[in-house]
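Chemist: You'll find final.csv just under this line, and it carries CSV, C-alpha atoms.
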chain,number,residue,atom,x,y,z
A,1,MET,CA,106.2,169.6,84.9
A,2,GLN,CA,106.5,166.0,86.0
A,3,GLN,CA,103.3,166.4,88.0
A,4,PHE,CA,101.5,167.9,85.0
A,5,ASP,CA,102.7,164.9,82.8
A,6,ARG,CA,101.3,162.5,85.3
A,7,ASP,CA,98.0,164.3,85.5
A,8,ALA,CA,97.9,164.6,81.7
A,9,ALA,CA,98.5,160.8,81.4
A,10,ALA,CA,95.6,160.2,83.8
A,11,PHE,CA,93.4,162.6,81.8
A,12,ASN,CA,94.2,160.6,78.6
A,13,ARG,CA,93.4,157.3,80.3
A,14,LEU,CA,90.0,158.6,81.5
A,15,CYS,CA,89.2,159.8,78.0
A,16,VAL,CA,90.1,156.5,76.4
A,17,GLU,CA,87.9,154.7,79.0
A,18,GLY,CA,85.0,157.0,78.2
A,19,ASN,CA,85.0,158.7,81.6
A,20,ILE,CA,84.6,162.2,80.1
A,21,GLU,CA,83.2,164.1,83.1
A,22,GLN,CA,86.0,162.8,85.3
A,23,ALA,CA,88.6,163.7,82.7
A,24,ILE,CA,87.2,167.3,82.5
A,25,GLU,CA,87.1,167.6,86.3
A,26,LEU,CA,90.7,166.4,86.5
A,27,GLY,CA,91.7,168.9,83.7
A,28,LEU,CA,90.1,171.8,85.6
A,29,THR,CA,92.0,170.8,88.8
A,30,THR,CA,95.3,170.3,87.0
A,31,CYS,CA,95.2,173.6,85.2
A,32,TYR,CA,94.2,175.9,88.0
A,33,HIS,CA,97.1,178.2,89.0
A,34,GLY,CA,95.9,180.4,92.0
A,35,ARG,CA,97.8,182.7,94.3
A,36,GLU,CA,96.8,180.6,97.3
A,37,LYS,CA,99.0,177.7,96.2
A,38,ASN,CA,101.7,179.3,94.0
A,39,ASP,CA,104.2,182.0,94.8
A,40,GLU,CA,105.2,182.7,91.2
A,41,PRO,CA,103.1,183.4,88.0
A,42,GLU,CA,102.5,180.5,85.7
A,43,GLU,CA,105.5,179.7,83.6
A,44,ALA,CA,105.2,179.7,79.8
A,45,CYS,CA,105.9,176.0,79.4
A,46,LEU,CA,103.2,175.1,81.9
A,47,ARG,CA,100.8,177.7,80.5
A,48,ASP,CA,100.9,176.3,77.0
A,49,ALA,CA,100.8,172.6,78.1
A,50,ARG,CA,97.7,173.5,80.2
A,51,THR,CA,96.1,175.4,77.3
A,52,ASP,CA,96.3,172.3,75.1
A,53,LEU,CA,94.7,170.2,77.9
A,54,LEU,CA,92.0,172.8,78.4
A,55,THR,CA,91.3,173.0,74.7
A,56,ARG,CA,90.9,169.2,74.6
A,57,SER,CA,88.6,169.4,77.6
A,58,ALA,CA,86.5,172.1,76.0
A,59,LEU,CA,86.0,169.9,72.9
A,60,LEU,CA,85.2,166.9,75.0
A,61,ALA,CA,82.7,168.9,77.1
A,62,GLN,CA,80.5,169.2,74.0
A,63,THR,CA,79.9,165.4,74.1
A,64,THR,CA,78.5,165.3,77.6
A,65,THR,CA,76.3,167.4,80.0
A,66,LEU,CA,78.5,169.9,81.8
A,67,ASP,CA,76.9,172.3,84.2
A,68,GLU,CA,77.1,176.0,83.4
A,69,GLU,CA,79.5,176.8,86.3
A,70,ALA,CA,82.0,174.2,85.2
A,71,ASP,CA,81.7,175.2,81.6
A,72,ALA,CA,82.3,178.9,82.3
A,73,ARG,CA,85.2,178.0,84.6
A,74,LEU,CA,86.8,175.9,81.8
A,75,HIS,CA,86.6,178.6,79.2
A,76,ALA,CA,87.8,181.3,81.6
A,77,LEU,CA,90.9,179.3,82.4
A,78,LEU,CA,91.4,178.7,78.7
A,79,GLU,CA,90.9,182.3,77.6
A,80,ARG,CA,93.3,183.7,80.3
A,81,ARG,CA,96.1,181.5,79.1
A,82,VAL,CA,95.7,182.3,75.4
A,83,PHE,CA,95.4,186.0,76.3
A,84,ASN,CA,98.8,185.7,78.2
A,85,TRP,CA,100.3,183.8,75.2
A,86,LEU,CA,99.3,186.6,72.8
A,87,CYS,CA,100.9,189.1,75.1
A,88,ASP,CA,104.1,187.0,75.2
A,89,GLY,CA,103.6,186.7,79.0
A,90,GLU,CA,104.0,190.5,79.5
A,91,PRO,CA,101.5,192.7,81.5
A,92,LEU,CA,100.5,194.8,78.4
A,93,GLU,CA,97.1,195.8,79.8
A,94,ALA,CA,98.7,197.3,83.0
A,95,PHE,CA,101.3,199.0,80.9
A,96,LEU,CA,98.9,200.5,78.4
A,97,PHE,CA,96.3,201.6,80.9
A,98,ALA,CA,98.4,202.4,84.0
A,99,GLN,CA,96.4,205.6,84.6
A,100,LEU,CA,93.3,203.5,85.3
A,101,MET,CA,94.8,201.2,87.9
A,102,PRO,CA,94.5,203.7,90.8
A,103,TYR,CA,90.7,203.7,90.2
A,104,GLY,CA,90.4,200.1,91.4
A,105,ASP,CA,90.5,198.4,88.1
A,106,ALA,CA,92.2,195.0,88.0
A,107,VAL,CA,93.8,193.6,84.9
A,108,PHE,CA,92.4,190.5,83.2
A,109,ASP,CA,95.6,188.5,83.4
A,110,THR,CA,98.1,188.6,86.3
A,111,GLY,CA,99.7,185.2,85.6
A,112,PHE,CA,97.4,183.7,88.2
A,113,ASP,CA,93.9,182.3,88.0
A,114,ARG,CA,91.1,183.9,90.1
A,115,GLN,CA,89.3,181.7,92.6
A,116,ALA,CA,86.2,182.5,90.6
A,117,PRO,CA,87.7,182.8,87.1
A,118,LEU,CA,86.2,185.3,84.6
A,119,THR,CA,85.9,184.9,80.9
A,120,LEU,CA,87.0,187.9,78.8
A,121,ASP,CA,83.4,188.8,78.2
A,122,GLU,CA,82.6,188.8,81.9
A,123,PHE,CA,85.7,190.9,82.7
A,124,MET,CA,84.9,193.5,80.0
A,125,GLY,CA,81.4,193.8,81.7
A,126,CYS,CA,83.2,194.5,85.0
A,127,VAL,CA,85.4,197.1,83.4
A,128,ALA,CA,82.4,198.9,81.8
A,129,GLY,CA,80.6,198.8,85.1
A,130,ARG,CA,83.5,200.5,87.0
A,131,CYS,CA,84.0,203.3,84.5
A,132,ALA,CA,86.4,205.8,85.9
A,133,PRO,CA,85.2,209.3,86.5
A,134,GLY,CA,85.8,212.5,84.5
A,135,ALA,CA,88.7,212.6,82.1
A,136,GLN,CA,89.3,208.8,82.6
A,137,ARG,CA,86.1,207.9,80.9
A,138,SER,CA,87.6,208.1,77.4
A,139,LEU,CA,90.6,206.0,78.4
A,140,THR,CA,88.3,203.4,79.8
A,141,GLN,CA,86.6,203.2,76.4
A,142,GLU,CA,90.0,202.8,74.8
A,143,ARG,CA,90.7,200.0,77.2
A,144,LEU,CA,87.4,198.3,76.3
A,145,ASP,CA,88.2,198.6,72.6
A,146,TRP,CA,91.6,197.1,73.2
A,147,LEU,CA,90.1,194.2,75.2
A,148,GLY,CA,87.5,193.7,72.5
A,149,ALA,CA,90.3,193.3,69.9
A,150,MET,CA,92.1,191.0,72.2
A,151,ALA,CA,88.9,189.0,72.6
A,152,ASP,CA,88.7,188.5,68.9
A,153,ALA,CA,92.3,187.4,68.8
A,154,VAL,CA,91.8,185.0,71.6
A,155,GLY,CA,88.8,183.5,69.9
A,156,ARG,CA,90.8,183.0,66.7
A,157,GLU,CA,93.7,181.4,68.5
A,158,ILE,CA,91.5,179.0,70.3
A,159,TRP,CA,89.8,178.1,67.0
A,160,ASN,CA,93.2,177.4,65.5
A,161,ARG,CA,94.3,175.2,68.4
A,162,ALA,CA,91.1,173.3,68.5
A,163,GLN,CA,91.4,172.7,64.7
A,164,ALA,CA,95.0,171.4,65.3
A,165,ILE,CA,93.6,168.9,67.8
A,166,LEU,CA,90.7,167.8,65.5
A,167,ASP,CA,93.2,167.3,62.7
A,168,ASN,CA,95.4,165.2,65.0
A,169,GLU,CA,98.5,167.4,64.4
A,170,PRO,CA,101.1,165.9,66.7
A,171,LEU,CA,103.2,169.1,66.9
A,172,ARG,CA,101.1,172.0,68.0
A,173,VAL,CA,101.4,174.8,70.6
A,174,GLY,CA,101.4,173.2,74.0
A,175,SER,CA,102.5,169.7,72.8
A,176,ARG,CA,104.9,168.0,75.2
A,177,VAL,CA,107.9,166.8,73.3
A,178,VAL,CA,111.2,165.0,73.7
A,179,ALA,CA,114.3,166.2,71.8
A,180,SER,CA,116.3,163.7,69.7
A,181,GLY,CA,119.0,163.6,67.0
A,182,LEU,CA,120.6,166.9,68.0
A,183,ARG,CA,124.3,167.5,67.6
A,184,THR,CA,124.4,169.1,71.0
A,185,GLU,CA,124.1,165.8,73.0
A,186,ARG,CA,123.1,167.4,76.3
A,187,TYR,CA,119.7,168.4,74.8
A,188,ASN,CA,118.8,165.0,73.5
A,189,ASN,CA,116.1,163.1,75.6
A,190,LEU,CA,115.1,166.4,77.3
A,191,ARG,CA,111.4,167.0,77.7
A,192,GLY,CA,109.9,170.4,76.8
A,193,THR,CA,106.8,172.2,75.6
A,194,LEU,CA,106.2,173.8,72.2
A,195,LEU,CA,105.6,177.5,72.5
A,196,LYS,CA,105.4,179.0,69.0
A,197,ARG,CA,106.2,178.1,65.4
A,198,GLN,CA,109.2,180.1,64.1
A,199,GLY,CA,109.4,179.6,60.4
A,200,GLN,CA,110.5,176.0,59.7
A,201,ARG,CA,111.3,175.5,63.4
A,202,TRP,CA,109.4,175.2,66.7
A,203,GLY,CA,110.2,177.3,69.8
A,204,VAL,CA,110.7,174.7,72.5
A,205,ILE,CA,111.3,175.5,76.2
A,206,PHE,CA,112.8,172.6,78.0
A,207,ASP,CA,111.7,171.7,81.6
A,208,GLY,CA,113.6,173.9,84.0
A,209,ALA,CA,115.1,176.2,81.3
A,210,ARG,CA,114.5,179.9,81.1
A,211,GLU,CA,114.9,180.5,77.4
A,212,PRO,CA,113.4,178.5,74.5
A,213,LYS,CA,115.4,176.8,71.7
A,214,ALA,CA,114.4,176.7,68.0
A,215,LEU,CA,114.4,173.1,66.8
A,216,ARG,CA,113.4,171.4,63.6
A,217,PRO,CA,110.3,169.2,63.6
A,218,GLU,CA,112.5,166.1,62.8
A,219,ASN,CA,114.3,166.6,66.1
A,220,LEU,CA,111.1,166.5,68.1
A,221,ASP,CA,109.2,163.4,69.3
A,222,VAL,CA,105.7,163.7,70.9
A,223,ALA,CA,105.8,162.7,74.6
A,224,LEU,CA,102.4,161.1,74.7
A,225,PRO,CA,101.2,157.6,75.7
A,226,PRO,CA,100.8,155.5,72.6
A,227,ALA,CA,97.1,154.8,73.4
A,228,TRP,CA,96.3,158.6,73.1
A,229,ARG,CA,98.4,159.4,70.1
A,230,PHE,CA,95.5,158.7,67.6
A,231,LEU,CA,92.7,159.2,70.0
A,232,PRO,CA,91.8,162.9,70.2
A,233,PHE,CA,88.4,161.9,71.6
A,234,PRO,CA,87.0,158.6,72.9
A,235,THR,CA,85.2,157.6,69.7
A,236,PRO,CA,83.0,154.7,70.9
A,237,PRO,CA,80.8,156.8,73.3
A,238,ILE,CA,80.6,159.7,70.9
A,239,GLY,CA,79.8,157.4,68.0
A,240,LYS,CA,77.0,155.7,69.9
A,241,GLU,CA,75.5,159.1,70.8
A,242,TYR,CA,75.7,160.3,67.2
A,243,VAL,CA,74.0,157.2,66.0
A,244,ARG,CA,71.3,157.4,68.6
A,245,ARG,CA,70.6,161.1,67.8
A,246,ASN,CA,70.3,160.6,64.1
A,247,GLY,CA,68.4,157.3,64.0
A,248,LEU,CA,71.2,155.5,62.2
A,249,THR,CA,72.2,151.9,62.4
A,250,ARG,CA,76.0,152.7,62.5
A,251,ALA,CA,78.3,155.7,62.6
A,252,PRO,CA,79.1,157.0,59.1
A,253,GLU,CA,82.8,157.2,58.0
A,254,ARG,CA,82.3,160.9,57.3
A,255,CYS,CA,79.8,163.6,58.2
A,256,GLU,CA,76.5,163.3,56.2
A,257,ILE,CA,74.9,166.3,57.7
A,258,CYS,CA,77.3,169.2,57.2
A,259,PRO,CA,80.6,169.8,55.4
A,260,GLY,CA,82.5,170.4,58.5
A,261,VAL,CA,82.9,172.8,61.5
A,262,VAL,CA,81.8,176.3,60.6
A,263,ASN,CA,84.6,178.5,59.4
A,264,PHE,CA,85.4,181.1,62.0
A,265,GLY,CA,86.4,183.5,59.2
A,266,GLU,CA,82.8,183.7,58.1
A,267,PHE,CA,82.0,185.7,61.2
A,268,ASP,CA,84.5,188.5,60.9
A,269,ASP,CA,81.6,191.0,60.9
A,270,ALA,CA,80.4,189.6,64.3
A,271,ALA,CA,82.6,192.2,66.1
A,272,SER,CA,79.5,194.3,66.7
A,273,GLU,CA,77.8,191.6,68.7
A,274,PRO,CA,77.9,192.1,72.5
A,275,LYS,CA,78.9,188.5,73.1
A,276,ARG,CA,81.7,188.4,70.5
A,277,VAL,CA,84.0,186.6,73.0
A,278,GLU,CA,81.5,183.7,72.9
A,279,SER,CA,81.7,183.3,69.1
A,280,TYR,CA,84.4,180.6,69.1
A,281,ARG,CA,82.3,178.7,71.6
A,282,ARG,CA,79.1,179.0,69.6
A,283,TYR,CA,80.5,178.2,66.2
A,284,LEU,CA,83.3,175.8,67.0
A,285,LEU,CA,82.6,174.0,70.2
A,286,ARG,CA,78.8,174.1,70.1
A,287,GLY,CA,78.1,173.2,66.5
A,288,GLU,CA,74.9,171.5,65.6
A,289,CYS,CA,76.6,168.4,64.2
A,290,ALA,CA,78.2,166.2,66.9
A,291,HIS,CA,80.1,164.2,64.3
A,292,CYS,CA,82.2,167.3,63.5
A,293,LEU,CA,83.7,167.2,66.9
A,294,TRP,CA,85.7,164.0,66.4
A,295,ARG,CA,87.7,162.1,63.8
A,296,PRO,CA,87.9,158.3,63.2
A,297,VAL,CA,90.7,156.5,65.1
A,298,GLU,CA,93.7,155.9,63.0
A,299,SER,CA,95.2,152.4,63.0
Translate the structure of the given file into structure tokens.
Modeler:
Amino acid sequence: MQQFDRDAAAFNRLCVEGNIEQAIELGLTTCYHGREKNDEPEEACLRDARTDLLTRSALLAQTTTLDEEADARLHALLERRVFNWLCDGEPLEAFLFAQLMPYGDAVFDTGFDRQAPLTLDEFMGCVAGRCAPGAQRSLTQERLDWLGAMADAVGREIWNRAQAILDNEPLRVGSRVVASGLRTERYNNLRGTLLKRQGQRWGVIFDGAREPKALRPENLDVALPPAWRFLPFPTPPIGKEYVRRNGLTRAPERCEICPGVVNFGEFDDAASEPKRVESYRRYLLRGECAHCLWRPVES
């Protein structure tokens, strides 16, 4: 996790300096977890910290020109981690559809990234194209239906995490935190990653620990460089681009074109669309209004 913290700090500096493309490239490199370099599947603490970094990268990518290959890779890495999070790190797909595995079907998430990562939409296309023979055909359709439901859940979760970033919430899934003010002294000043909200507490897994602890928000400090705390996006470059696009003399204090980012809930009936996995990308990350992708810097 120390290496991740160093890379994340470098990512933040590049963003503040306006070097968006370099920041995204660093994010892709930092978050890749392949079998060729790792003996064990990605740990939960690293998975969620990387997910937060990838979500920020995905939002930032909409302010620059990113080639299709890099864009697809970014979202594939992001979707696999959210998929894993929704399954609590368990191999649910392999367990539910074990009968299909002898027919050559791989699972979407193994805890590792593919050298050529696939989005859920692309993976579902592969599964449909390798439909097992005979009696296994109906089970393959069940698997596709399950993957489709998971795709919707992944999209909603990414939407929620992106909104938390846009709203500048300091405590969110994937935040790197430091414990403080605890009665158990040995936990104070330890770094960890937020996994899930548990009622009034946050599930925190400390670096090097196996099991998470449930801590109150008042006992958690965000472990971020001060320069990034109120800078979810580098506002000067984005502000200039927004002004240029809309023929304005200065960036407005609030959006004058639309009321905000499109509400994902309005697209509940989009499940019938063949590209439903892309919905969160179309309606959240690729909105028509560039101003909706950032917030003013807080003093």
Chemist: From the options A:Leu215, A:Asn38, A:Phe108, A:Leu77, which residue's atoms come nearest to Arg143 (chain A), counting all atoms listed in the file?
Modeler: A:Phe108
Chemist: Assuming 5 Å of padding per side, give the centre and edge lengths of the axis-aligned box around every listed atom of region 93-103 of chain A, in Å to one decimal and as JSON.
Modeler:
{"center_x": 96.0, "center_y": 200.7, "center_z": 84.6, "size_x": 20.6, "size_y": 19.8, "size_z": 22.4}
Chemist: Using all atoms listed in the file, which protein or nucleic acid residues come within 12 Å of Leu66 (chain A)? Drop anything in the same chain fewer than 4 positions from it, and give the result as an MDAnalysis selection string.
Modeler: chainID A and resid 20:25 57:62 70:74
Chemist: Would you please work out which residue, of A:Asp113, A:Glu122, A:Asp221, A:Glu157, is nearest to His33 (chain A) when using all atoms listed in the file?
Modeler: A:Asp113
Chemist: Extract, using all atoms listed in the file, all DNA, RNA and protein residues at most 8 Å from Arg172 (chain A), discarding same-chain residues fewer than 4 positions from it, and format them as a PyMOL selection string.
Modeler: chain A and resi 161+164+194
Chemist: Could you check which of A:Ala223, A:Val178, A:Leu100, A:Leu86 is closest to Val204 (chain A), using only C-alpha atoms?
Modeler: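 Among the listed residues, the smallest separation from Val204 (chain A) belongs to A:Val178.
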Chemist: Pick out the residues sitting within 10 Å of His75 (chain A), and hand them over as a PyMOL selection string; count only C-alpha atoms, and ignore anything fewer than 3 positions along from it in its own chain.
Modeler: chain A and resi 28+54-55+57-58+70-72+78-81+117-120+278+281
Chemist: How far is it from CA of Asp121 (chain A) to CA of Ala49 (chain A), in Å with one decimal?
Modeler: 23.8 Å
